[in-house]
2 protein chains.
Amino acid sequence: MYVRALSQLLDAGSEVVDSKTLGRLIRIAPAQVRKDLSYLGKFGKQGQGYSVPYLRDELRRILGLDRRWTACLVGVGNLGQAIIDYPGFVPGGFSIVAAFDSDPELVGKSIGGIPVRPMSELDGTVEASEITIGIVAVPASQAQSVIDRLVDAGVQGILNYAPVAPHVPERVILRNIDPVLSLQSMTYYLLQGSRPD
Amino acid sequence: MYVRALSQLLDAGSEVVDSKTLGRLIRIAPAQVRKDLSYLGKFGKQGQGYSVPYLRDELRRILGLDRRWTACLVGVGNLGQAIIDYPGFVPGGFSIVAAFDSDPELVGKSIGGIPVRPMSELDGTVEASEITIGIVAVPASQAQSVIDRLVDAGVQGILNYAPVAPHVPERVILRNIDPVLSLQSMTYYLLQGSRPD
């Protein structure tokens with residue numbers, strides 16, 4: 001969020017930003033902004049604000065956003081095809097370089113320029129292509145076993161779209177795309193607007 | 001997250017839980033758990049822990065999770081079809097009751113039991129079906145104008161899947177599904193495991 005806000009500021013021509021302005025952009029208190037940034041390094045001088053381009057580039061470097069990460073996708077149904085077509089990954093630093101499916105009808109096809117491979121090629125491809133991240137777009141019932149296979153094959157991060165809370169070893173970083181949690185986080189506020197009392 | 005953790009505890013047969021156990025389940029400090037819950041009501045007695053079923057049901061009621069929310073979907077491409085098929089919404093309390101697309105090839109078809117309507121029917125349907133939430137699965141270039149139409153039609157919440165940061169009036173609650181932010185939040189940790197130094 002900091003990197004995005006700083007990129008916006010840079011696009012708008014800002015060279016220097018203070019913690020108050022930066023905090024307002026990402027809805028975090030100025031004191032927390034200073035605390036977050038001081039945890040990652042020493043970026044500014046008291047009372048002078050932060051240099052926008054320097055802070056942005058340093059954060060990108062520290063967070064590993066200045067390099068390209070390779071990912072594979074498992075599950076090439078409607079959701080998987082939408083993920084391959086999603087235009088945000090490449091500008092964000094992520095390339096999907098391989099796709100897998102257990103459906104023989106899909107294997108061998110090319111989706112968005114990426115050939116769909118059989119599950120039997122998963123281990124070899126993850127190793128040969130040095131794939132770091134596995135994106136999981138299979139039905140809930142298959143998600144845990146697919147994630148186990150990805151972890152065994154050597155991926156270090158999992159982005160899970162299936163509506164389950166999978167288990168991964170501690171060394172593997174898991175993120176879940178959970179639209180229900182997003183919806184449930186808004187109902188409290190919707191209720192305030194709609195409650196008939 | 002509290003409601004999910006409490007439901008898990010209930011499924012596991014727990015009747016009472018303390019802030020330490022609850023905090024561990026959702027990775028929040030016990031003091032923050034007590035603070036969060038005290039903000040919403042008075043649920044437990046000092047030193048006695050919380051009643052799991054009572055707390056779960058009260059939180060569900062307060063958060064508006066004990067009722068059914070109606071949503072419509074705009075954009076019935078691969079992503080939209082995956083959203084219609086997503087099995088998590090209904091158990092989470094959300095029903096997609098209408099779908100819209102501007103593509104005449106899709107209009108009139110039925111996807112997952114939901115007829116695809118033309119955009120011209122959006123306003124009337126939102127009003128007639130008392131739709132509260134709009135789910136947006138259109139390309140980035142169309143997202144803002146679709147969101148503006150949904151807001152004008154009267155939805156109070158937007159779940160946006162397009163890779164843009166749209167603007168909504170203050171009274172409308174916006175949540176973005178942002179897989180790139182999820183991926184970018186893991187690269188720092190991936191770097192620690194992979195940095196060759």
# chains A, B, ... in the order shown; residues from 1 in each chain; ligands from 1

call {"tool": "closest_atom_pairs", "arguments": {"of": "chain B", "to": "chain A", "cutoff": "7 Å", "atoms": "only C-alpha atoms", "output": "Markdown table"}}
result
| residue | atom | partner | partner_atom | distance |
| --- | --- | --- | --- | --- |
| B:Ile62 | CA | A:Tyr188 | CA | 6.9 |
| B:Leu63 | CA | A:Tyr188 | CA | 4.4 |
| B:Gly64 | CA | A:Thr187 | CA | 5.5 |
| B:Asn78 | CA | A:Asn78 | CA | 4.7 |
| B:Leu79 | CA | A:Ala82 | CA | 5.0 |
| B:Gln81 | CA | A:Asn78 | CA | 6.5 |
| B:Ala82 | CA | A:Leu79 | CA | 5.0 |
| B:Gly88 | CA | A:Pro163 | CA | 6.0 |
| B:Phe89 | CA | A:Val180 | CA | 6.0 |
| B:Gly92 | CA | A:Val180 | CA | 6.3 |
| B:Gln156 | CA | A:Leu190 | CA | 6.5 |
| B:Pro163 | CA | A:Gly88 | CA | 6.0 |
| B:Ile173 | CA | A:Met186 | CA | 6.5 |
| B:Arg175 | CA | A:Ser182 | CA | 6.2 |
| B:Ile177 | CA | A:Pro179 | CA | 6.8 |
| B:Pro179 | CA | A:Ile177 | CA | 6.8 |
| B:Val180 | CA | A:Phe89 | CA | 6.0 |
| B:Ser182 | CA | A:Arg175 | CA | 6.2 |
| B:Met186 | CA | A:Ile173 | CA | 6.4 |
| B:Thr187 | CA | A:Gly64 | CA | 5.5 |
| B:Tyr188 | CA | A:Leu63 | CA | 4.4 |
| B:Leu190 | CA | A:Gln156 | CA | 6.5 |
| B:Leu191 | CA | A:Gly64 | CA | 6.3 |

call {"tool": "residues_around", "arguments": {"residues": "range 110-115 of chain A", "least_positions_apart": "2", "cutoff": "7 Å", "atoms": "only C-alpha atoms", "output": "PyMOL selection string"}}
result
chain A and resi 81+84-85+97-99+108+117

call {"tool": "write_last_selection", "arguments": {"atoms": "C-alpha atoms", "output": "mmCIF file, in the first residue's frame"}}
result
data_model
loop_
_atom_site.group_PDB
_atom_site.id
_atom_site.type_symbol
_atom_site.label_atom_id
_atom_site.label_comp_id
_atom_site.auth_asym_id
_atom_site.auth_seq_id
_atom_site.Cartn_x
_atom_site.Cartn_y
_atom_site.Cartn_z
ATOM 1 C CA GLN A 81 -8.704 -18.579 -17.372
ATOM 2 C CA ILE A 84 -4.369 -15.944 -16.779
ATOM 3 C CA ASP A 85 -6.102 -13.000 -18.464
ATOM 4 C CA VAL A 97 4.803 -19.125 -16.717
ATOM 5 C CA ALA A 98 2.979 -22.453 -16.532
ATOM 6 C CA ALA A 99 -0.540 -23.818 -16.093
ATOM 7 C CA GLY A 108 -2.437 -29.422 -24.474
ATOM 8 C CA ARG A 117 0.171 -29.189 -18.919
#

call {"tool": "residues_around", "arguments": {"residues": "Phe43 in chain A", "least_positions_apart": "3", "cutoff": "9 Å", "atoms": "only C-alpha atoms", "output": "list in words"}}
result
Leu37, Ser38, Leu40, Gly49, Tyr50, Ser51, Tyr54, Leu55 and Glu58 of chain A

call {"tool": "atom_distance", "arguments": {"atom1": "CA of Asp103 in chain A", "atom2": "CA of Ala153 in chain A"}}
result
20.1 Å

call {"tool": "atom_distance", "arguments": {"atom1": "CA of Ala5 in chain B", "atom2": "CA of Ile28 in chain B"}}
result
11.8 Å

call {"tool": "select_by_dssp", "arguments": {"residues": "range 9-59 of chain B", "states": "strand (DSSP E)", "output": "PyMOL selection string"}}
result
chain B and resi 16-17+44-45+49-51

call {"tool": "atom_distance", "arguments": {"atom1": "CA of Glu121 in chain A", "atom2": "CA of Glu170 in chain A"}}
result
25.4 Å

call {"tool": "closest_residue", "arguments": {"among": "A:Pro118, A:Pro166, A:Gly154, A:Ser129", "to": "Ser141 in chain A", "atoms": "only C-alpha atoms"}}
result
A:Pro166

call {"tool": "select_by_dssp", "arguments": {"residues": "chain B", "states": "alpha helix (DSSP H)", "output": "number ranges by chain"}}
result
B: 2-11, 19-26, 30-40, 52-62, 78-85, 89-92, 122-128, 140-153, 179-194

call {"tool": "residues_around", "arguments": {"residues": "Lys45 in chain B", "least_positions_apart": "6", "cutoff": "12 Å", "atoms": "only C-alpha atoms", "output": "number ranges by chain"}}
result
B: 16-19, 34, 38, 51

call {"tool": "decode", "arguments": {"residues": "range 51-196 of chain A", "atoms": "C-alpha atoms", "output": "PDB file, in the first residue's frame"}}
result
ATOM      1  CA  SER A  51      11.844  11.799  -0.538  1.00  0.00           C
ATOM      2  CA  VAL A  52       9.093  10.198  -2.634  1.00  0.00           C
ATOM      3  CA  PRO A  53      11.283   8.570  -5.335  1.00  0.00           C
ATOM      4  CA  TYR A  54      13.936   7.378  -2.850  1.00  0.00           C
ATOM      5  CA  LEU A  55      11.388   5.944  -0.409  1.00  0.00           C
ATOM      6  CA  ARG A  56       9.433   4.264  -3.199  1.00  0.00           C
ATOM      7  CA  ASP A  57      12.516   2.638  -4.710  1.00  0.00           C
ATOM      8  CA  GLU A  58      13.912   1.565  -1.344  1.00  0.00           C
ATOM      9  CA  LEU A  59      10.583   0.013  -0.303  1.00  0.00           C
ATOM     10  CA  ARG A  60      10.322  -1.770  -3.647  1.00  0.00           C
ATOM     11  CA  ARG A  61      13.801  -3.194  -3.159  1.00  0.00           C
ATOM     12  CA  ILE A  62      13.251  -4.206   0.477  1.00  0.00           C
ATOM     13  CA  LEU A  63       9.877  -5.778  -0.302  1.00  0.00           C
ATOM     14  CA  GLY A  64      11.234  -7.677  -3.314  1.00  0.00           C
ATOM     15  CA  LEU A  65       9.049  -5.743  -5.756  1.00  0.00           C
ATOM     16  CA  ASP A  66      11.946  -4.708  -8.012  1.00  0.00           C
ATOM     17  CA  ARG A  67      12.358  -8.209  -9.394  1.00  0.00           C
ATOM     18  CA  ARG A  68      10.152 -10.564 -11.355  1.00  0.00           C
ATOM     19  CA  TRP A  69       8.524 -13.494  -9.584  1.00  0.00           C
ATOM     20  CA  THR A  70       7.475 -16.570 -11.493  1.00  0.00           C
ATOM     21  CA  ALA A  71       4.229 -18.329 -10.716  1.00  0.00           C
ATOM     22  CA  CYS A  72       2.340 -21.341 -11.961  1.00  0.00           C
ATOM     23  CA  LEU A  73      -1.414 -21.797 -12.028  1.00  0.00           C
ATOM     24  CA  VAL A  74      -3.230 -24.995 -11.119  1.00  0.00           C
ATOM     25  CA  GLY A  75      -6.816 -25.209 -12.376  1.00  0.00           C
ATOM     26  CA  VAL A  76      -7.715 -23.753 -15.758  1.00  0.00           C
ATOM     27  CA  GLY A  77     -11.509 -23.581 -15.488  1.00  0.00           C
ATOM     28  CA  ASN A  78     -13.377 -20.265 -15.764  1.00  0.00           C
ATOM     29  CA  LEU A  79     -11.560 -18.853 -12.736  1.00  0.00           C
ATOM     30  CA  GLY A  80      -8.134 -20.047 -13.912  1.00  0.00           C
ATOM     31  CA  GLN A  81      -8.704 -18.579 -17.372  1.00  0.00           C
ATOM     32  CA  ALA A  82      -9.715 -15.266 -15.788  1.00  0.00           C
ATOM     33  CA  ILE A  83      -6.525 -15.374 -13.682  1.00  0.00           C
ATOM     34  CA  ILE A  84      -4.369 -15.944 -16.779  1.00  0.00           C
ATOM     35  CA  ASP A  85      -6.102 -13.000 -18.464  1.00  0.00           C
ATOM     36  CA  TYR A  86      -5.839 -10.737 -15.396  1.00  0.00           C
ATOM     37  CA  PRO A  87      -3.856  -7.722 -16.576  1.00  0.00           C
ATOM     38  CA  GLY A  88      -2.552  -6.703 -13.131  1.00  0.00           C
ATOM     39  CA  PHE A  89       0.020  -9.439 -12.498  1.00  0.00           C
ATOM     40  CA  VAL A  90       2.751  -8.456 -14.978  1.00  0.00           C
ATOM     41  CA  PRO A  91       2.881  -4.757 -14.012  1.00  0.00           C
ATOM     42  CA  GLY A  92       2.858  -5.936 -10.376  1.00  0.00           C
ATOM     43  CA  GLY A  93       5.995  -8.033 -10.960  1.00  0.00           C
ATOM     44  CA  PHE A  94       4.424 -11.476 -11.337  1.00  0.00           C
ATOM     45  CA  SER A  95       4.529 -13.756 -14.388  1.00  0.00           C
ATOM     46  CA  ILE A  96       2.444 -16.883 -14.750  1.00  0.00           C
ATOM     47  CA  VAL A  97       4.803 -19.125 -16.717  1.00  0.00           C
ATOM     48  CA  ALA A  98       2.979 -22.453 -16.532  1.00  0.00           C
ATOM     49  CA  ALA A  99      -0.540 -23.818 -16.093  1.00  0.00           C
ATOM     50  CA  PHE A 100      -1.741 -27.257 -15.037  1.00  0.00           C
ATOM     51  CA  ASP A 101      -5.039 -29.093 -15.064  1.00  0.00           C
ATOM     52  CA  SER A 102      -6.171 -32.644 -14.451  1.00  0.00           C
ATOM     53  CA  ASP A 103      -8.813 -32.446 -17.200  1.00  0.00           C
ATOM     54  CA  PRO A 104      -7.517 -34.253 -20.334  1.00  0.00           C
ATOM     55  CA  GLU A 105      -9.813 -32.023 -22.429  1.00  0.00           C
ATOM     56  CA  LEU A 106      -7.842 -28.952 -21.330  1.00  0.00           C
ATOM     57  CA  VAL A 107      -4.325 -30.413 -21.340  1.00  0.00           C
ATOM     58  CA  GLY A 108      -2.437 -29.422 -24.474  1.00  0.00           C
ATOM     59  CA  LYS A 109      -4.556 -26.342 -25.136  1.00  0.00           C
ATOM     60  CA  SER A 110      -3.034 -22.896 -24.949  1.00  0.00           C
ATOM     61  CA  ILE A 111      -4.785 -20.290 -22.784  1.00  0.00           C
ATOM     62  CA  GLY A 112      -3.601 -16.708 -23.082  1.00  0.00           C
ATOM     63  CA  GLY A 113      -0.404 -17.991 -24.639  1.00  0.00           C
ATOM     64  CA  ILE A 114       0.299 -20.454 -21.813  1.00  0.00           C
ATOM     65  CA  PRO A 115       0.148 -24.181 -22.625  1.00  0.00           C
ATOM     66  CA  VAL A 116      -1.937 -26.261 -20.193  1.00  0.00           C
ATOM     67  CA  ARG A 117       0.171 -29.189 -18.919  1.00  0.00           C
ATOM     68  CA  PRO A 118      -0.905 -32.385 -17.173  1.00  0.00           C
ATOM     69  CA  MET A 119      -0.496 -32.576 -13.387  1.00  0.00           C
ATOM     70  CA  SER A 120       2.221 -35.193 -13.889  1.00  0.00           C
ATOM     71  CA  GLU A 121       4.538 -32.455 -15.171  1.00  0.00           C
ATOM     72  CA  LEU A 122       4.074 -30.222 -12.137  1.00  0.00           C
ATOM     73  CA  ASP A 123       7.169 -31.199 -10.140  1.00  0.00           C
ATOM     74  CA  GLY A 124       9.544 -31.091 -13.097  1.00  0.00           C
ATOM     75  CA  THR A 125       8.220 -27.734 -14.342  1.00  0.00           C
ATOM     76  CA  VAL A 126       8.359 -26.041 -10.933  1.00  0.00           C
ATOM     77  CA  GLU A 127      11.990 -27.072 -10.644  1.00  0.00           C
ATOM     78  CA  ALA A 128      13.048 -26.375 -14.240  1.00  0.00           C
ATOM     79  CA  SER A 129      11.334 -22.978 -14.426  1.00  0.00           C
ATOM     80  CA  GLU A 130      12.347 -22.018 -10.862  1.00  0.00           C
ATOM     81  CA  ILE A 131       8.722 -21.283  -9.999  1.00  0.00           C
ATOM     82  CA  THR A 132       8.350 -19.606  -6.605  1.00  0.00           C
ATOM     83  CA  ILE A 133       4.584 -19.117  -6.325  1.00  0.00           C
ATOM     84  CA  GLY A 134       1.671 -21.481  -6.920  1.00  0.00           C
ATOM     85  CA  ILE A 135      -1.749 -20.013  -7.728  1.00  0.00           C
ATOM     86  CA  VAL A 136      -4.584 -22.405  -6.894  1.00  0.00           C
ATOM     87  CA  ALA A 137      -7.896 -22.159  -8.768  1.00  0.00           C
ATOM     88  CA  VAL A 138      -9.290 -25.680  -8.311  1.00  0.00           C
ATOM     89  CA  PRO A 139     -12.552 -26.718  -6.604  1.00  0.00           C
ATOM     90  CA  ALA A 140     -12.533 -26.633  -2.794  1.00  0.00           C
ATOM     91  CA  SER A 141     -12.487 -30.422  -2.555  1.00  0.00           C
ATOM     92  CA  GLN A 142      -9.172 -30.614  -4.440  1.00  0.00           C
ATOM     93  CA  ALA A 143      -7.459 -27.536  -3.009  1.00  0.00           C
ATOM     94  CA  GLN A 144      -5.569 -29.122  -0.109  1.00  0.00           C
ATOM     95  CA  SER A 145      -4.117 -31.969  -2.183  1.00  0.00           C
ATOM     96  CA  VAL A 146      -3.071 -29.571  -4.962  1.00  0.00           C
ATOM     97  CA  ILE A 147      -1.447 -27.284  -2.400  1.00  0.00           C
ATOM     98  CA  ASP A 148       0.385 -30.256  -0.859  1.00  0.00           C
ATOM     99  CA  ARG A 149       1.735 -31.156  -4.302  1.00  0.00           C
ATOM    100  CA  LEU A 150       2.859 -27.576  -4.979  1.00  0.00           C
ATOM    101  CA  VAL A 151       4.615 -27.419  -1.615  1.00  0.00           C
ATOM    102  CA  ASP A 152       6.312 -30.770  -2.234  1.00  0.00           C
ATOM    103  CA  ALA A 153       7.385 -29.521  -5.666  1.00  0.00           C
ATOM    104  CA  GLY A 154       9.141 -26.609  -3.970  1.00  0.00           C
ATOM    105  CA  VAL A 155       7.011 -23.470  -4.288  1.00  0.00           C
ATOM    106  CA  GLN A 156       7.491 -21.026  -1.426  1.00  0.00           C
ATOM    107  CA  GLY A 157       4.250 -19.088  -1.693  1.00  0.00           C
ATOM    108  CA  ILE A 158       0.632 -20.080  -2.363  1.00  0.00           C
ATOM    109  CA  LEU A 159      -2.150 -17.798  -3.588  1.00  0.00           C
ATOM    110  CA  ASN A 160      -5.322 -19.784  -2.931  1.00  0.00           C
ATOM    111  CA  TYR A 161      -8.630 -18.900  -4.595  1.00  0.00           C
ATOM    112  CA  ALA A 162     -10.540 -21.960  -3.327  1.00  0.00           C
ATOM    113  CA  PRO A 163     -13.051 -21.381  -0.506  1.00  0.00           C
ATOM    114  CA  VAL A 164     -11.110 -23.414   2.066  1.00  0.00           C
ATOM    115  CA  ALA A 165      -8.539 -22.613   4.767  1.00  0.00           C
ATOM    116  CA  PRO A 166      -5.685 -24.894   3.716  1.00  0.00           C
ATOM    117  CA  HIS A 167      -2.723 -25.978   5.810  1.00  0.00           C
ATOM    118  CA  VAL A 168       0.819 -25.279   4.671  1.00  0.00           C
ATOM    119  CA  PRO A 169       4.171 -25.803   6.414  1.00  0.00           C
ATOM    120  CA  GLU A 170       5.451 -22.768   8.335  1.00  0.00           C
ATOM    121  CA  ARG A 171       8.132 -22.021   5.725  1.00  0.00           C
ATOM    122  CA  VAL A 172       5.468 -21.556   3.007  1.00  0.00           C
ATOM    123  CA  ILE A 173       3.628 -18.212   2.748  1.00  0.00           C
ATOM    124  CA  LEU A 174      -0.115 -18.571   2.161  1.00  0.00           C
ATOM    125  CA  ARG A 175      -2.521 -15.893   0.991  1.00  0.00           C
ATOM    126  CA  ASN A 176      -6.208 -16.583   0.428  1.00  0.00           C
ATOM    127  CA  ILE A 177      -8.410 -14.666  -1.989  1.00  0.00           C
ATOM    128  CA  ASP A 178     -11.584 -14.602   0.039  1.00  0.00           C
ATOM    129  CA  PRO A 179     -14.453 -12.606  -1.463  1.00  0.00           C
ATOM    130  CA  VAL A 180     -16.826 -13.730   1.300  1.00  0.00           C
ATOM    131  CA  LEU A 181     -14.575 -12.209   3.961  1.00  0.00           C
ATOM    132  CA  SER A 182     -14.566  -8.999   1.916  1.00  0.00           C
ATOM    133  CA  LEU A 183     -18.371  -9.029   1.702  1.00  0.00           C
ATOM    134  CA  GLN A 184     -18.750  -9.898   5.380  1.00  0.00           C
ATOM    135  CA  SER A 185     -16.507  -6.974   6.243  1.00  0.00           C
ATOM    136  CA  MET A 186     -19.011  -4.580   4.673  1.00  0.00           C
ATOM    137  CA  THR A 187     -22.318  -5.836   6.056  1.00  0.00           C
ATOM    138  CA  TYR A 188     -21.898  -4.079   9.413  1.00  0.00           C
ATOM    139  CA  TYR A 189     -21.753  -0.767   7.568  1.00  0.00           C
ATOM    140  CA  LEU A 190     -24.580  -1.698   5.183  1.00  0.00           C
ATOM    141  CA  LEU A 191     -26.710  -2.469   8.209  1.00  0.00           C
ATOM    142  CA  GLN A 192     -26.191   1.032   9.615  1.00  0.00           C
ATOM    143  CA  GLY A 193     -27.563   2.462   6.365  1.00  0.00           C
ATOM    144  CA  SER A 194     -30.469   0.063   5.982  1.00  0.00           C
ATOM    145  CA  ARG A 195     -31.647  -0.864   9.463  1.00  0.00           C
ATOM    146  CA  PRO A 196     -35.286   0.146   9.707  1.00  0.00           C
TER     147      PRO A 196
END
